[in-house]
>>> print(open('final.tsv').read())   # TSV, C-alpha atoms
chain	number	residue	atom	x	y	z
A	760	PHE	CA	84.05	95.21	77.77
A	761	VAL	CA	87.79	95.91	77.98
A	762	LEU	CA	89.71	92.72	78.77
A	763	ASN	CA	93.41	91.90	79.06
A	764	ASP	CA	94.71	88.90	77.14
A	765	ASP	CA	96.18	87.36	80.32
A	766	THR	CA	92.82	86.86	82.02
A	767	LEU	CA	90.34	84.03	82.57
A	768	VAL	CA	86.68	85.00	82.90
A	769	ALA	CA	83.87	83.24	84.78
A	770	PRO	CA	80.89	82.45	82.52
A	771	GLU	CA	78.51	84.74	84.42
A	772	THR	CA	80.84	87.74	84.48
A	773	LEU	CA	79.57	89.76	81.54
A	774	SER	CA	75.89	89.20	82.38
A	775	ALA	CA	76.54	90.28	86.00
A	776	LEU	CA	78.25	93.47	84.84
A	777	VAL	CA	75.50	94.26	82.34
A	778	ALA	CA	72.80	93.67	84.95
A	779	ALA	CA	74.56	96.06	87.34
A	780	ALA	CA	74.91	98.63	84.56
A	781	CYS	CA	71.18	98.42	83.82
A	782	ALA	CA	70.36	98.82	87.52
A	783	HIS	CA	72.73	101.79	87.87
A	784	PRO	CA	72.56	103.85	84.66
A	785	ASP	CA	74.83	106.53	86.15
A	786	ALA	CA	77.71	104.02	86.32
A	787	GLY	CA	80.49	104.72	83.85
A	788	PHE	CA	82.80	101.87	84.83
A	789	LEU	CA	81.90	98.51	86.35
A	790	GLY	CA	84.62	96.11	87.43
A	791	PRO	CA	84.61	92.49	88.67
A	792	LYS	CA	86.25	90.85	91.66
A	793	VAL	CA	89.71	90.00	90.37
A	794	TYR	CA	91.73	87.03	91.61
A	795	HIS	CA	95.36	86.08	91.07
A	796	ARG	CA	95.46	83.63	88.21
A	797	GLU	CA	98.36	81.77	89.83
A	798	SER	CA	96.48	81.54	93.17
A	799	PRO	CA	92.80	81.24	92.22
A	800	HIS	CA	91.46	81.74	95.76
A	801	VAL	CA	93.52	84.87	96.48
A	802	ILE	CA	92.06	88.29	95.69
A	803	GLN	CA	93.95	90.72	93.50
A	804	SER	CA	91.37	93.51	93.49
A	805	ALA	CA	87.92	94.31	94.82
A	806	GLY	CA	88.02	97.79	93.34
A	807	GLY	CA	90.51	100.48	94.22
A	808	MET	CA	90.74	103.56	96.41
A	809	PHE	CA	93.01	106.59	96.71
A	810	ASP	CA	94.88	107.36	99.91
A	811	LYS	CA	95.55	110.86	101.27
A	812	CYS	CA	98.70	111.12	99.17
A	813	TRP	CA	96.98	110.04	95.92
A	814	GLY	CA	98.45	106.57	96.05
A	815	SER	CA	96.17	104.00	94.41
A	816	HIS	CA	95.49	100.79	96.32
A	817	TYR	CA	93.37	97.75	95.52
A	818	ARG	CA	90.93	96.65	98.21
A	819	GLY	CA	91.61	93.12	99.41
A	820	MET	CA	94.93	92.80	97.61
A	821	ASP	CA	96.46	89.37	98.42
A	822	ASP	CA	93.65	88.42	100.84
A	823	VAL	CA	92.52	84.81	100.76
A	824	GLU	CA	88.89	84.56	99.64
A	825	ARG	CA	86.62	84.18	102.68
A	826	GLY	CA	83.43	85.64	101.27
A	827	GLN	CA	84.50	89.24	101.95
A	828	PHE	CA	83.76	92.13	99.58
A	829	GLU	CA	80.46	90.55	98.55
A	830	GLY	CA	78.48	93.79	98.34
A	831	LEU	CA	78.29	96.05	95.31
A	832	ALA	CA	80.34	99.15	96.16
A	833	GLU	CA	81.23	102.52	94.73
A	834	VAL	CA	85.01	102.82	94.45
A	835	ASP	CA	87.54	105.32	93.11
A	836	PHE	CA	88.68	103.04	90.28
A	837	VAL	CA	88.57	99.45	89.06
A	838	CYS	CA	91.32	97.26	87.66
A	839	GLY	CA	91.72	97.81	83.94
A	840	CYS	CA	92.36	94.09	83.29
A	841	GLY	CA	88.60	93.59	82.90
A	842	VAL	CA	86.08	96.41	82.97
A	843	LEU	CA	82.70	97.23	81.44
A	844	VAL	CA	82.69	100.81	80.15
A	845	SER	CA	79.63	102.88	79.33
A	846	ARG	CA	79.46	104.10	75.76
A	847	ARG	CA	78.49	107.51	77.16
A	848	VAL	CA	81.80	107.66	79.02
A	849	ILE	CA	83.77	107.12	75.83
A	850	GLU	CA	81.69	109.70	73.97
A	851	GLN	CA	82.15	112.24	76.75
A	852	ILE	CA	85.75	111.80	77.97
A	853	GLY	CA	87.41	109.64	75.30
A	854	LEU	CA	89.57	106.55	75.62
A	855	LEU	CA	92.61	105.63	77.70
A	856	ASP	CA	95.31	108.31	77.55
A	857	PRO	CA	98.29	106.82	75.62
A	858	ARG	CA	100.67	109.34	77.19
A	859	PHE	CA	100.81	107.14	80.31
A	860	PHE	CA	101.99	104.17	78.20
A	861	LEU	CA	102.27	101.91	81.26
A	862	TYR	CA	100.67	102.16	84.74
A	863	ARG	CA	97.91	104.40	86.11
A	864	GLU	CA	96.18	104.88	82.76
A	865	ASP	CA	93.15	102.95	84.03
A	866	VAL	CA	93.14	104.97	87.26
A	867	ASP	CA	93.16	108.18	85.23
A	868	TRP	CA	90.34	106.93	83.00
A	869	CYS	CA	88.11	106.18	85.99
A	870	TYR	CA	88.98	109.48	87.66
A	871	ARG	CA	88.09	111.46	84.55
A	872	ALA	CA	84.74	109.66	84.40
A	873	THR	CA	84.06	110.50	88.05
A	874	LYS	CA	84.80	114.17	87.40
A	875	ALA	CA	82.34	114.03	84.49
A	876	GLY	CA	79.58	112.82	86.84
A	877	PHE	CA	79.75	109.04	86.37
A	878	ARG	CA	80.08	106.47	89.15
A	879	VAL	CA	82.64	103.67	89.31
A	880	LEU	CA	81.21	100.42	90.67
A	881	TYR	CA	82.72	97.17	91.92
A	882	VAL	CA	80.45	94.22	91.04
A	883	PRO	CA	81.24	91.11	93.16
A	884	GLY	CA	79.03	88.79	91.11
A	885	ALA	CA	81.47	89.17	88.22
A	886	ARG	CA	84.78	87.29	88.52
A	887	VAL	CA	88.04	87.47	86.58
A	888	TRP	CA	91.41	85.75	87.14
A	889	HIS	CA	94.38	87.91	86.14
A	890	ARG	CA	98.09	87.15	86.12
A	891	SER	CA	99.81	88.38	89.25
A	892	PRO	CA	101.16	91.94	89.08
A	893	HIS	CA	104.14	90.92	91.23
A	894	ILE	CA	107.21	92.13	89.40
A	895	ARG	CA	110.47	90.35	88.72
A	896	GLU	CA	113.61	92.02	90.05
A	897	ALA	CA	114.91	92.76	86.56
A	898	GLU	CA	111.70	94.69	85.77
A	899	LEU	CA	111.70	96.86	88.88
A	900	PRO	CA	113.57	99.87	87.42
A	901	ARG	CA	111.14	100.14	84.51
A	902	THR	CA	108.17	99.86	86.86
A	903	THR	CA	109.67	102.42	89.25
A	904	TYR	CA	110.22	104.84	86.38
A	905	TYR	CA	106.67	104.74	85.01
A	906	MET	CA	104.99	104.73	88.42
A	907	ALA	CA	106.95	107.83	89.48
A	908	ARG	CA	106.49	109.78	86.28
A	909	ASN	CA	102.86	108.83	85.78
A	910	SER	CA	101.87	109.53	89.40
A	911	LEU	CA	103.00	113.13	88.89
A	912	PHE	CA	101.47	113.31	85.42
A	913	PHE	CA	98.13	112.06	86.74
A	914	LEU	CA	98.00	114.92	89.23
A	915	ALA	CA	99.10	117.56	86.75
A	916	LYS	CA	96.70	116.61	83.96
A	917	ASN	CA	93.76	116.43	86.37
A	918	GLY	CA	94.39	119.91	87.76
A	919	MET	CA	95.52	119.02	91.30
A	920	GLY	CA	97.80	122.04	91.56
A	921	ALA	CA	101.32	122.68	92.77
A	922	ALA	CA	100.57	121.94	96.44
A	923	GLU	CA	99.36	118.38	95.78
A	924	ILE	CA	102.14	117.68	93.30
A	925	THR	CA	104.73	118.91	95.81
A	926	LYS	CA	103.24	116.75	98.58
A	927	VAL	CA	103.40	113.62	96.45
A	928	LEU	CA	106.86	114.52	95.19
A	929	ILE	CA	108.25	114.89	98.72
A	930	LEU	CA	106.40	112.14	100.59
A	931	ARG	CA	106.22	109.40	97.97
A	932	LEU	CA	109.17	110.02	95.67
A	933	LEU	CA	111.96	112.12	97.16
A	934	ARG	CA	112.02	110.23	100.47
A	935	PRO	CA	112.79	106.85	98.87
A	936	LEU	CA	115.14	108.53	96.41
A	937	LEU	CA	117.18	109.97	99.28
A	938	SER	CA	117.07	106.72	101.29
A	939	TRP	CA	118.16	104.60	98.32
A	940	THR	CA	121.03	107.04	97.76
A	941	ILE	CA	122.56	107.45	101.23
A	942	ARG	CA	121.72	104.28	103.17
A	943	PRO	CA	124.13	101.38	102.58
A	944	LYS	CA	121.43	98.72	103.11
A	945	TRP	CA	119.68	99.93	99.94
A	946	ARG	CA	122.80	99.69	97.78
A	947	HIS	CA	121.09	96.96	95.76
A	948	LYS	CA	118.41	99.47	94.72
A	949	ARG	CA	120.75	101.75	92.78
A	950	ARG	CA	119.16	100.92	89.42
A	951	GLU	CA	115.72	101.62	90.86
A	952	ARG	CA	117.04	104.85	92.37
A	953	ASP	CA	118.33	105.97	88.97
A	954	ALA	CA	115.02	105.05	87.34
A	955	LEU	CA	113.09	106.97	90.01
A	956	PHE	CA	115.22	110.07	89.47
A	957	ARG	CA	114.80	109.78	85.72
A	958	GLY	CA	111.03	109.42	86.08
A	959	ILE	CA	110.81	112.63	88.12
A	960	VAL	CA	113.03	114.53	85.70
A	961	ASP	CA	111.13	113.29	82.63
A	962	PHE	CA	107.83	114.44	84.15
A	963	PHE	CA	109.14	117.98	84.54
A	964	ARG	CA	110.60	117.86	81.03
A	965	GLY	CA	107.24	116.75	79.63
A	966	LYS	CA	108.66	113.48	78.28
A	967	LEU	CA	105.64	111.19	78.20
A	968	GLY	CA	104.63	108.01	76.40
A	969	ARG	CA	107.15	105.21	76.04
A	970	GLN	CA	110.48	106.53	77.30
A	971	TYR	CA	112.12	103.90	79.51
A	972	VAL	CA	113.40	101.25	77.11
A	973	GLU	CA	116.03	99.47	79.21
A	974	SER	CA	115.87	95.72	78.61
A	975	VAL	CA	114.05	93.92	81.41
A	976	HIS	CA	116.52	91.06	80.94
A	977	GLU	CA	119.57	93.15	81.79
A	978	PRO	CA	121.37	91.72	84.82
A	979	SER	CA	121.04	93.73	88.02
A	980	GLY	CA	124.64	93.25	89.22
>>> encode(input="final.tsv", output="structure tokens")
Amino acid sequence: FVLNDDTLVAPETLSALVAAACAHPDAGFLGPKVYHRESPHVIQSAGGMFDKCWGSHYRGMDDVERGQFEGLAEVDFVCGCGVLVSRRVIEQIGLLDPRFFLYREDVDWCYRATKAGFRVLYVPGARVWHRSPHIREAELPRTTYYMARNSLFFLAKNGMGAAEITKVLILRLLRPLLSWTIRPKWRHKRRERDALFRGIVDFFRGKLGRQYVESVHEPSG
């Protein structure tokens, strides 16, 4: 049971995950319904799905709890803040890839398990409260850097090919890079723009792991 240190866990969570694992022996990852710790009745994740451009999105993100997402569901990935992992998964595909360092390493782990024939399940009877992923302004460049670099790395390491990498590069990365560069209304995003450019360049240079070390407390002026 992999658990972040900024989580709170409902008493029945582990038993609910284990029961689901016993009922579905082909499941490699089983994740709970995750709520924002700061807003206990607001959902952070009910499992995650890929879009057509390989963006990763949590189901129900920021929805107020109304009894939705109450059925067990097969998803593309689950939030790495709290997840039950099959021992067979670890034996077959290994652990989290440290080359990501920050962001998308849990998505990659689930995707590798799926390719190896395991299922990824969302288990609503398990509940975890996790600190909000909303990011302070001073941290945005670092986040932008790792999300850009690791999105491309995820595709490359999982054999998506040049066509998929090019599509993501153009639609998800180069468009905002160009907009943040030429449009005056985005002048305040210059540090994010520079971090985005650096993330793209570092991917093509093969610079992985911890690379972006700018202080998150540096003023943005």
>>> residues_around(input="final.tsv", residues="A:Gly841", least_positions_apart="3", cutoff="10 Å", atoms="all atoms listed in the file", output="JSON, numbers by chain")
{"A": [760, 761, 762, 763, 764, 766, 767, 768, 772, 773, 789, 790, 791, 792, 793, 837, 838, 844, 885, 886, 887, 888, 889]}
>>> residues_around(input="final.tsv", residues="stretch 931-948 of chain A", least_positions_apart="5", cutoff="9 Å", atoms="only C-alpha atoms", output="list of chain:residue names")
A:Cys812, A:Gly814, A:Pro900, A:Ala907, A:Lys926, A:Asp953, A:Leu955, A:Phe956, A:Ile959, A:Ser979, A:Gly980
>>> atom_distance(input="final.tsv", atom1="atom CA of A:Ala872", atom2="atom CA of A:Gly787")
6.5 Å
>>> closest_residue(input="final.tsv", among="A:Ile924, A:Ala769, A:Leu861, A:Val777", to="A:Leu967", atoms="all atoms listed in the file")
A:Leu861
>>> residues_around(input="final.tsv", residues="A:Ile802", least_positions_apart="6", cutoff="7 Å", atoms="all atoms listed in the file", output="PyMOL selection string")
chain A and resi 793-795+819-824
>>> residues_around(input="final.tsv", residues="stretch 852-856 of chain A", least_positions_apart="6", cutoff="8 Å", atoms="only C-alpha atoms", output="list in words")
Glu864, Asp865, Asp867, Trp868, Arg871, Ala872 and Ala875 of chain A
>>> atom_distance(input="final.tsv", atom1="atom CA of A:Pro857", atom2="atom CA of A:Thr925")
24.4 Å
>>> atom_distance(input="final.tsv", atom1="atom CA of A:Asn917", atom2="atom CA of A:Ala779")
28.0 Å
>>> axis_aligned_box(input="final.tsv", around="stretch 860-865 of chain A", padding_each_side="6 Å", output="JSON")
{"center_x": 97.7, "center_y": 103.4, "center_z": 82.2, "size_x": 21.1, "size_y": 15.0, "size_z": 19.9}
>>> residues_around(input="final.tsv", residues="stretch 845-847 of chain A", least_positions_apart="3", cutoff="7 Å", atoms="all atoms listed in the file", output="PDB file with C-alpha atoms, in the coordinates of the input")
ATOM      1  CA  GLY A 787      80.490 104.720  83.850  1.00  0.00           C
ATOM      2  CA  PHE A 788      82.800 101.870  84.830  1.00  0.00           C
ATOM      3  CA  GLU A 850      81.690 109.700  73.970  1.00  0.00           C
ATOM      4  CA  GLN A 851      82.150 112.240  76.750  1.00  0.00           C
TER       5      GLN A 851
END
>>> closest_residue(input="final.tsv", among="A:Val927, A:Gly884, A:Arg901, A:His800", to="A:Pro770", atoms="all atoms listed in the file")
A:Gly884
>>> closest_residue(input="final.tsv", among="A:Gln827, A:Ser815, A:Ser891, A:Ser798", to="A:Ser910", atoms="only C-alpha atoms")
A:Ser815
>>> closest_residue(input="final.tsv", among="A:Val866, A:Phe859, A:Glu833, A:Ser774", to="A:His816", atoms="all atoms listed in the file")
A:Val866
>>> closest_residue(input="final.tsv", among="A:Tyr862, A:Ile929, A:Asp810, A:Gly830", to="A:Gly968", atoms="all atoms listed in the file")
A:Tyr862
>>> closest_residue(input="final.tsv", among="A:Phe877, A:Arg890, A:Ala832, A:Asp765", to="A:Gln803", atoms="all atoms listed in the file")
A:Arg890
>>> decode(input="final.tsv", residues="stretch 927-940 of chain A", atoms="all heavy atoms", output="JSON list (two decimals), in the first residue's frame")
[["chain", "number", "residue", "atom", "x", "y", "z"],
["A", 927, "VAL", "N", 1.66, 15.72, -29.52],
["A", 927, "VAL", "CA", 1.65, 16.30, -28.18],
["A", 927, "VAL", "C", 2.53, 17.55, -28.13],
["A", 927, "VAL", "O", 2.16, 18.56, -27.52],
["A", 927, "VAL", "CB", 2.12, 15.26, -27.16],
["A", 927, "VAL", "CG1", 2.36, 15.90, -25.79],
["A", 927, "VAL", "CG2", 1.10, 14.13, -27.04],
["A", 928, "LEU", "N", 3.66, 17.49, -28.79],
["A", 928, "LEU", "CA", 4.57, 18.63, -28.80],
["A", 928, "LEU", "C", 3.90, 19.87, -29.38],
["A", 928, "LEU", "O", 3.97, 20.97, -28.83],
["A", 928, "LEU", "CB", 5.83, 18.27, -29.60],
["A", 928, "LEU", "CG", 6.92, 19.33, -29.69],
["A", 928, "LEU", "CD1", 7.49, 19.63, -28.31],
["A", 928, "LEU", "CD2", 8.03, 18.86, -30.63],
["A", 929, "ILE", "N", 3.20, 19.69, -30.50],
["A", 929, "ILE", "CA", 2.57, 20.83, -31.17],
["A", 929, "ILE", "C", 1.33, 21.30, -30.43],
["A", 929, "ILE", "O", 1.16, 22.49, -30.14],
["A", 929, "ILE", "CB", 2.23, 20.47, -32.62],
["A", 929, "ILE", "CG1", 3.53, 20.25, -33.43],
["A", 929, "ILE", "CG2", 1.37, 21.56, -33.27],
["A", 929, "ILE", "CD1", 3.29, 19.74, -34.83],
["A", 930, "LEU", "N", 0.41, 20.38, -30.12],
["A", 930, "LEU", "CA", -0.89, 20.76, -29.58],
["A", 930, "LEU", "C", -0.85, 21.16, -28.12],
["A", 930, "LEU", "O", -1.58, 22.06, -27.69],
["A", 930, "LEU", "CB", -1.89, 19.62, -29.79],
["A", 930, "LEU", "CG", -2.19, 19.26, -31.24],
["A", 930, "LEU", "CD1", -3.21, 18.12, -31.30],
["A", 930, "LEU", "CD2", -2.71, 20.47, -32.02],
["A", 931, "ARG", "N", -0.02, 20.52, -27.32],
["A", 931, "ARG", "CA", -0.04, 20.77, -25.89],
["A", 931, "ARG", "C", 1.11, 21.62, -25.40],
["A", 931, "ARG", "O", 1.01, 22.20, -24.30],
["A", 931, "ARG", "CB", -0.04, 19.44, -25.13],
["A", 931, "ARG", "CG", -1.36, 18.68, -25.21],
["A", 931, "ARG", "CD", -1.35, 17.40, -24.41],
["A", 931, "ARG", "NE", -0.79, 17.58, -23.09],
["A", 931, "ARG", "CZ", -0.20, 16.62, -22.38],
["A", 931, "ARG", "NH1", -0.09, 15.41, -22.90],
["A", 931, "ARG", "NH2", 0.28, 16.86, -21.18],
["A", 932, "LEU", "N", 2.20, 21.71, -26.15],
["A", 932, "LEU", "CA", 3.37, 22.42, -25.64],
["A", 932, "LEU", "C", 3.76, 23.63, -26.47],
["A", 932, "LEU", "O", 3.95, 24.73, -25.93],
["A", 932, "LEU", "CB", 4.55, 21.44, -25.54],
["A", 932, "LEU", "CG", 4.30, 20.21, -24.64],
["A", 932, "LEU", "CD1", 5.51, 19.29, -24.66],
["A", 932, "LEU", "CD2", 3.96, 20.63, -23.22],
["A", 933, "LEU", "N", 3.87, 23.47, -27.78],
["A", 933, "LEU", "CA", 4.32, 24.59, -28.60],
["A", 933, "LEU", "C", 3.27, 25.69, -28.71],
["A", 933, "LEU", "O", 3.61, 26.88, -28.81],
["A", 933, "LEU", "CB", 4.73, 24.10, -29.99],
["A", 933, "LEU", "CG", 5.99, 23.21, -30.02],
["A", 933, "LEU", "CD1", 6.36, 22.86, -31.46],
["A", 933, "LEU", "CD2", 7.17, 23.90, -29.32],
["A", 934, "ARG", "N", 1.99, 25.33, -28.70],
["A", 934, "ARG", "CA", 0.95, 26.36, -28.78],
["A", 934, "ARG", "C", 1.00, 27.30, -27.58],
["A", 934, "ARG", "O", 1.01, 28.53, -27.76],
["A", 934, "ARG", "CB", -0.43, 25.70, -28.92],
["A", 934, "ARG", "CG", -0.67, 25.14, -30.32],
["A", 934, "ARG", "CD", -1.96, 24.37, -30.41],
["A", 934, "ARG", "NE", -3.13, 25.20, -30.18],
["A", 934, "ARG", "CZ", -4.38, 24.76, -30.20],
["A", 934, "ARG", "NH1", -4.62, 23.48, -30.45],
["A", 934, "ARG", "NH2", -5.39, 25.56, -29.99],
["A", 935, "PRO", "N", 1.02, 26.80, -26.34],
["A", 935, "PRO", "CA", 1.15, 27.74, -25.22],
["A", 935, "PRO", "C", 2.50, 28.46, -25.22],
["A", 935, "PRO", "O", 2.56, 29.64, -24.83],
["A", 935, "PRO", "CB", 0.97, 26.87, -23.98],
["A", 935, "PRO", "CG", 1.20, 25.48, -24.43],
["A", 935, "PRO", "CD", 0.77, 25.42, -25.85],
["A", 936, "LEU", "N", 3.56, 27.78, -25.64],
["A", 936, "LEU", "CA", 4.86, 28.44, -25.69],
["A", 936, "LEU", "C", 4.82, 29.66, -26.61],
["A", 936, "LEU", "O", 5.31, 30.74, -26.26],
["A", 936, "LEU", "CB", 5.92, 27.44, -26.17],
["A", 936, "LEU", "CG", 7.35, 27.97, -26.24],
["A", 936, "LEU", "CD1", 7.88, 28.29, -24.85],
["A", 936, "LEU", "CD2", 8.26, 26.94, -26.93],
["A", 937, "LEU", "N", 4.21, 29.50, -27.77],
["A", 937, "LEU", "CA", 4.10, 30.61, -28.71],
["A", 937, "LEU", "C", 3.20, 31.72, -28.16],
["A", 937, "LEU", "O", 3.53, 32.90, -28.25],
["A", 937, "LEU", "CB", 3.56, 30.10, -30.05],
["A", 937, "LEU", "CG", 3.42, 31.12, -31.18],
["A", 937, "LEU", "CD1", 4.79, 31.69, -31.54],
["A", 937, "LEU", "CD2", 2.77, 30.48, -32.40],
["A", 938, "SER", "N", 2.06, 31.32, -27.58],
["A", 938, "SER", "CA", 1.12, 32.30, -27.04],
["A", 938, "SER", "C", 1.74, 33.10, -25.90],
["A", 938, "SER", "O", 1.60, 34.32, -25.83],
["A", 938, "SER", "CB", -0.15, 31.60, -26.56],
["A", 938, "SER", "OG", -1.08, 32.51, -26.06],
["A", 939, "TRP", "N", 2.44, 32.42, -25.00],
["A", 939, "TRP", "CA", 3.07, 33.10, -23.87],
["A", 939, "TRP", "C", 4.21, 34.01, -24.32],
["A", 939, "TRP", "O", 4.63, 34.89, -23.59],
["A", 939, "TRP", "CB", 3.60, 32.07, -22.86],
["A", 939, "TRP", "CG", 2.53, 31.29, -22.18],
["A", 939, "TRP", "CD1", 1.18, 31.53, -22.21],
["A", 939, "TRP", "CD2", 2.70, 30.13, -21.36],
["A", 939, "TRP", "NE1", 0.51, 30.59, -21.47],
["A", 939, "TRP", "CE2", 1.41, 29.71, -20.93],
["A", 939, "TRP", "CE3", 3.81, 29.40, -20.94],
["A", 939, "TRP", "CZ2", 1.21, 28.62, -20.12],
["A", 939, "TRP", "CZ3", 3.62, 28.30, -20.13],
["A", 939, "TRP", "CH2", 2.34, 27.92, -19.71],
["A", 940, "THR", "N", 4.72, 33.78, -25.53],
["A", 940, "THR", "CA", 5.83, 34.57, -26.04],
["A", 940, "THR", "C", 5.35, 35.85, -26.75],
["A", 940, "THR", "O", 5.92, 36.92, -26.56],
["A", 940, "THR", "CB", 6.69, 33.74, -27.01],
["A", 940, "THR", "OG1", 7.22, 32.61, -26.32],
["A", 940, "THR", "CG2", 7.83, 34.56, -27.59]]
